[in-house]
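S.K.: One structure is given below, represented as structure tokens, and several questions about it will come after.
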Amino acid sequence: MKRTDLKRNRNLLACMVFSAGVVAGSIGISMAGDLPGRVSLPAKKEIPEITLENLSPPFKDYDYFQGGERFPFRFNITSFDGINAWWLAEASTLAYADEDFVRSRFREAGLPEVTFFEKEGTECYVANNDRFAIVAFRGSELSRKREKADLNVVVADLRTDMDFRLTDWEQGGKVHRGFKEALDEVWPDLLPHVRKIQEKGCKIWVTGHSLGGALATLFAGRYGNVQGVYTFGSPRVGNEVFKEHFEVGMYRFVNNRDIVPRLPPPGAYVHVGTLKFIDRDGILKDTMIENERPDHSSRDETDGQEQSSQTKRKSSGGFVPAAFRNHVPLLYAIHLWNNIIESRP
């Protein structure tokens with residue numbers, strides 16, 4: 001073969017290899033978008049500034065269950081799961097909203113069947129598909145942001161929270177009288193509905209924020225056959241004997257200085273369940289000394305960011321102390337979402 005022909009063939013071969021490489025690379029880039037391991041993860045969410053204007057739920061501008069397609073609910077799990085914690089924190093926050101709004105958001109999240117239970121001092125949603133159900137109790141509402149303000153509901157919430165006399169609990173021990181009476185209001189309607197869903201094969205998950213967390217605890221203790229219970233900013237519910245007879249696996253979340261989990265004062269009342277503590281930096285931890293203040297710092301931080309006196313003066317909505325700011329249910333949801341993102345490889 002002549003030298004010129006050899007050179008021509010080599011150039012042709014090089015062009016073919018280069019072209020093949022470009023095509024293969026293009027195919028590889030195209031396919032990479034379909035590979036789960038190479039899809040870019042959703043971003044962390046920004047911690048909102050909490051003022052008097054946005055202290056109380058509902059939060060209708062929030063995109064509930066955003067990222068649920070990437071991190072679906074793990075309904076068969078019995079041990080602690082961070083993704084489930086985020087889902088249930090979102091459900092607990094959503095429970096404060098109007099019925100139509102709640103229904104639409106649960107349906108978008110893949111829970112098309114939504115049933116609402118309401119009595120004077122108690123509201124509860126049961127959202128389910130054919131695999132699992134979420135029973136979400138609403139917490140106290142000291143101010144109403146719904147389209148129709150109802151002073152009777154606010155008064156009923158206050159009456160429920162303030163009636164902290166201990167009363168007998170049928171499963172053993174004594175519990176907060178106001179919480180028990182609030183659960184009793186919806187129990188005759190709620191019980192057969194949940195049983196019917198469970199008989200169809202659904203796993204039952206129970207959740208709630210604040211007063212809703214207390215009601216979720218009592219519901220789970222009375223009903224018994226639940227897959228899991230996650231509460232957020234829940235007060236103490238019963239005495240030591242109640243704790244001894246409480247046999248349901250439960251995780252209770254406390255966001256740093258949240259004041260409500262420290263009520264009623266310890267002594268006659270104790271907490272049940274496994275503590276999950278969110279520190280001032282938003283990091284989820286497994287332990288905190290039960291009656292210790294979570295942060296002895298003299299400054300009043302804003303969930304990982306110090307709030308100076310200048311920032312306080314500039315806040316158009318009014319400054320909110322950390323003890324109350326940390327109780328906002330939306331912060332629980334956002335912190336737990338950010339922990340999911342931080343824990344991804």
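Ligands are numbered from 1 in the order shown, residues from 1 within each chain, and chains are lettered A, B, ... in the order they appear in the structure tokens.
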Which residues come within 12 Å of Asn225 of chain A, counting only C-alpha atoms, excluding same-chain residues fewer than 4 positions away, as an mmCIF file with C-alpha atoms, in the first residue's frame?

M.R.:
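Written out: selection-v9.cif:
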data_model
loop_
_atom_site.group_PDB
_atom_site.id
_atom_site.type_symbol
_atom_site.label_atom_id
_atom_site.label_comp_id
_atom_site.auth_asym_id
_atom_site.auth_seq_id
_atom_site.Cartn_x
_atom_site.Cartn_y
_atom_site.Cartn_z
ATOM 1 C CA LEU A 191 -62.951 4.979 64.534
ATOM 2 C CA VAL A 194 -60.106 4.160 60.026
ATOM 3 C CA ARG A 195 -61.075 0.526 60.654
ATOM 4 C CA GLN A 198 -57.349 -0.699 57.415
ATOM 5 C CA GLU A 199 -59.510 -3.693 56.551
ATOM 6 C CA CYS A 202 -53.973 0.231 54.245
ATOM 7 C CA LYS A 203 -51.160 0.955 56.680
ATOM 8 C CA ILE A 204 -52.268 3.586 59.222
ATOM 9 C CA TRP A 205 -49.955 6.509 59.970
ATOM 10 C CA VAL A 206 -50.843 9.148 62.567
ATOM 11 C CA PHE A 219 -55.547 8.264 69.164
ATOM 12 C CA ALA A 220 -52.621 5.907 68.590
ATOM 13 C CA GLY A 221 -52.594 4.792 72.221
ATOM 14 C CA VAL A 229 -46.811 7.938 64.859
ATOM 15 C CA GLU A 247 -47.085 0.447 73.516
ATOM 16 C CA VAL A 248 -47.118 2.181 70.124
ATOM 17 C CA GLY A 249 -43.881 3.081 68.359
#

S.K.: Segment 155-237 of chain A: which residues are helix (DSSP H, G or I) by DSSP, as a ChimeraX atom specification?

M.R.: /A:155-162,177-199,211-223

S.K.: Take the residues that were just selected and, keeping N, CA and C atoms, output them as a short mmCIF file (atom, residue, chain, number, x, y, z; two decimals), in the first residue's frame.

M.R.:
data_model
loop_
_atom_site.label_atom_id
_atom_site.label_comp_id
_atom_site.auth_asym_id
_atom_site.auth_seq_id
_atom_site.Cartn_x
_atom_site.Cartn_y
_atom_site.Cartn_z
N VAL A 155 -62.04 29.69 70.85
CA VAL A 155 -62.37 29.52 72.28
C VAL A 155 -62.31 28.04 72.66
N ALA A 156 -62.80 27.17 71.79
CA ALA A 156 -62.77 25.73 72.06
C ALA A 156 -61.34 25.24 72.17
N ASP A 157 -60.45 25.73 71.31
CA ASP A 157 -59.04 25.35 71.38
C ASP A 157 -58.43 25.77 72.72
N LEU A 158 -58.71 26.99 73.13
CA LEU A 158 -58.18 27.47 74.40
C LEU A 158 -58.71 26.65 75.57
N ARG A 159 -59.99 26.32 75.53
CA ARG A 159 -60.58 25.52 76.59
C ARG A 159 -59.94 24.13 76.65
N THR A 160 -59.68 23.55 75.48
CA THR A 160 -59.03 22.24 75.43
C THR A 160 -57.63 22.29 76.01
N ASP A 161 -56.86 23.32 75.60
CA ASP A 161 -55.47 23.42 76.06
C ASP A 161 -55.38 23.69 77.56
N MET A 162 -56.29 24.50 78.08
CA MET A 162 -56.18 24.94 79.47
C MET A 162 -56.74 23.95 80.48
N ARG A 177 -57.16 16.11 80.64
CA ARG A 177 -58.60 16.02 80.46
C ARG A 177 -59.05 16.71 79.16
N GLY A 178 -58.51 17.89 78.88
CA GLY A 178 -58.93 18.61 77.69
C GLY A 178 -58.60 17.86 76.41
N PHE A 179 -57.42 17.23 76.35
CA PHE A 179 -57.03 16.47 75.17
C PHE A 179 -57.93 15.24 74.99
N LYS A 180 -58.20 14.56 76.09
CA LYS A 180 -59.05 13.36 76.00
C LYS A 180 -60.45 13.72 75.52
N GLU A 181 -61.03 14.78 76.05
CA GLU A 181 -62.37 15.17 75.64
C GLU A 181 -62.40 15.61 74.18
N ALA A 182 -61.32 16.22 73.71
CA ALA A 182 -61.25 16.62 72.30
C ALA A 182 -61.22 15.40 71.38
N LEU A 183 -60.48 14.36 71.76
CA LEU A 183 -60.46 13.14 70.97
C LEU A 183 -61.82 12.44 71.01
N ASP A 184 -62.44 12.43 72.19
CA ASP A 184 -63.74 11.77 72.34
C ASP A 184 -64.80 12.37 71.41
N GLU A 185 -64.66 13.65 71.08
CA GLU A 185 -65.65 14.31 70.23
C GLU A 185 -65.72 13.66 68.84
N VAL A 186 -64.56 13.31 68.27
CA VAL A 186 -64.55 12.78 66.91
C VAL A 186 -64.44 11.26 66.87
N TRP A 187 -64.18 10.64 68.00
CA TRP A 187 -63.91 9.20 68.04
C TRP A 187 -65.05 8.36 67.45
N PRO A 188 -66.32 8.61 67.77
CA PRO A 188 -67.39 7.74 67.23
C PRO A 188 -67.44 7.73 65.71
N ASP A 189 -67.07 8.83 65.05
CA ASP A 189 -67.08 8.87 63.59
C ASP A 189 -65.73 8.43 63.00
N LEU A 190 -64.67 8.79 63.67
CA LEU A 190 -63.32 8.51 63.15
C LEU A 190 -62.98 7.03 63.23
N LEU A 191 -63.32 6.38 64.32
CA LEU A 191 -62.95 4.98 64.53
C LEU A 191 -63.45 4.05 63.42
N PRO A 192 -64.74 4.03 63.08
CA PRO A 192 -65.18 3.10 62.02
C PRO A 192 -64.57 3.42 60.66
N HIS A 193 -64.30 4.69 60.40
CA HIS A 193 -63.69 5.05 59.12
C HIS A 193 -62.27 4.49 59.01
N VAL A 194 -61.49 4.66 60.05
CA VAL A 194 -60.11 4.16 60.03
C VAL A 194 -60.10 2.64 59.96
N ARG A 195 -61.00 1.99 60.71
CA ARG A 195 -61.08 0.53 60.65
C ARG A 195 -61.41 0.03 59.25
N LYS A 196 -62.33 0.70 58.60
CA LYS A 196 -62.73 0.30 57.26
C LYS A 196 -61.56 0.41 56.28
N ILE A 197 -60.79 1.49 56.40
CA ILE A 197 -59.63 1.67 55.53
C ILE A 197 -58.59 0.58 55.80
N GLN A 198 -58.36 0.30 57.07
CA GLN A 198 -57.35 -0.70 57.42
C GLN A 198 -57.76 -2.09 56.96
N GLU A 199 -59.03 -2.39 57.01
CA GLU A 199 -59.51 -3.69 56.55
C GLU A 199 -59.26 -3.91 55.06
N LEU A 211 -51.35 20.84 69.63
CA LEU A 211 -52.52 20.09 70.11
C LEU A 211 -52.77 18.87 69.23
N GLY A 212 -52.55 19.01 67.93
CA GLY A 212 -52.72 17.87 67.02
C GLY A 212 -51.80 16.73 67.36
N GLY A 213 -50.59 17.04 67.84
CA GLY A 213 -49.67 15.99 68.26
C GLY A 213 -50.16 15.27 69.50
N ALA A 214 -50.76 16.02 70.42
CA ALA A 214 -51.32 15.40 71.62
C ALA A 214 -52.47 14.46 71.25
N LEU A 215 -53.34 14.91 70.34
CA LEU A 215 -54.47 14.08 69.92
C LEU A 215 -54.00 12.86 69.13
N ALA A 216 -52.95 13.03 68.33
CA ALA A 216 -52.38 11.89 67.61
C ALA A 216 -51.84 10.85 68.57
N THR A 217 -51.21 11.31 69.65
CA THR A 217 -50.68 10.40 70.66
C THR A 217 -51.81 9.60 71.32
N LEU A 218 -52.87 10.29 71.71
CA LEU A 218 -53.99 9.62 72.36
C LEU A 218 -54.72 8.68 71.39
N PHE A 219 -54.90 9.12 70.15
CA PHE A 219 -55.55 8.26 69.16
C PHE A 219 -54.76 6.97 68.98
N ALA A 220 -53.45 7.08 68.81
CA ALA A 220 -52.62 5.91 68.59
C ALA A 220 -52.62 5.00 69.80
N GLY A 221 -52.58 5.60 71.01
CA GLY A 221 -52.59 4.79 72.22
C GLY A 221 -53.89 4.04 72.40
N ARG A 222 -54.99 4.65 71.99
CA ARG A 222 -56.30 4.01 72.12
C ARG A 222 -56.55 3.01 71.00
N TYR A 223 -56.23 3.39 69.76
CA TYR A 223 -56.49 2.53 68.60
C TYR A 223 -55.52 1.36 68.55
#

S.K.: Pick the closest to Glu53 of chain A from A:Leu331, A:Leu263, A:Ala95, A:Val320: which is it, counting only C-alpha atoms?

M.R.: A:Val320

S.K.: Which residue, A:Leu336, A:Val328, A:Ile341, A:Ile134, has the smallest gap to Thr93 of chain A when you use only C-alpha atoms?

M.R.: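 Residue with the minimum atom-to-atom distance to Thr93 of chain A: A:Val328.
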
S.K.: Any idea what the distance is between atom CA of Pro266 of chain A and atom CA of Val254 of chain A?

M.R.: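 Separation of atom CA of Pro266 of chain A and atom CA of Val254 of chain A: 15.5 Å.
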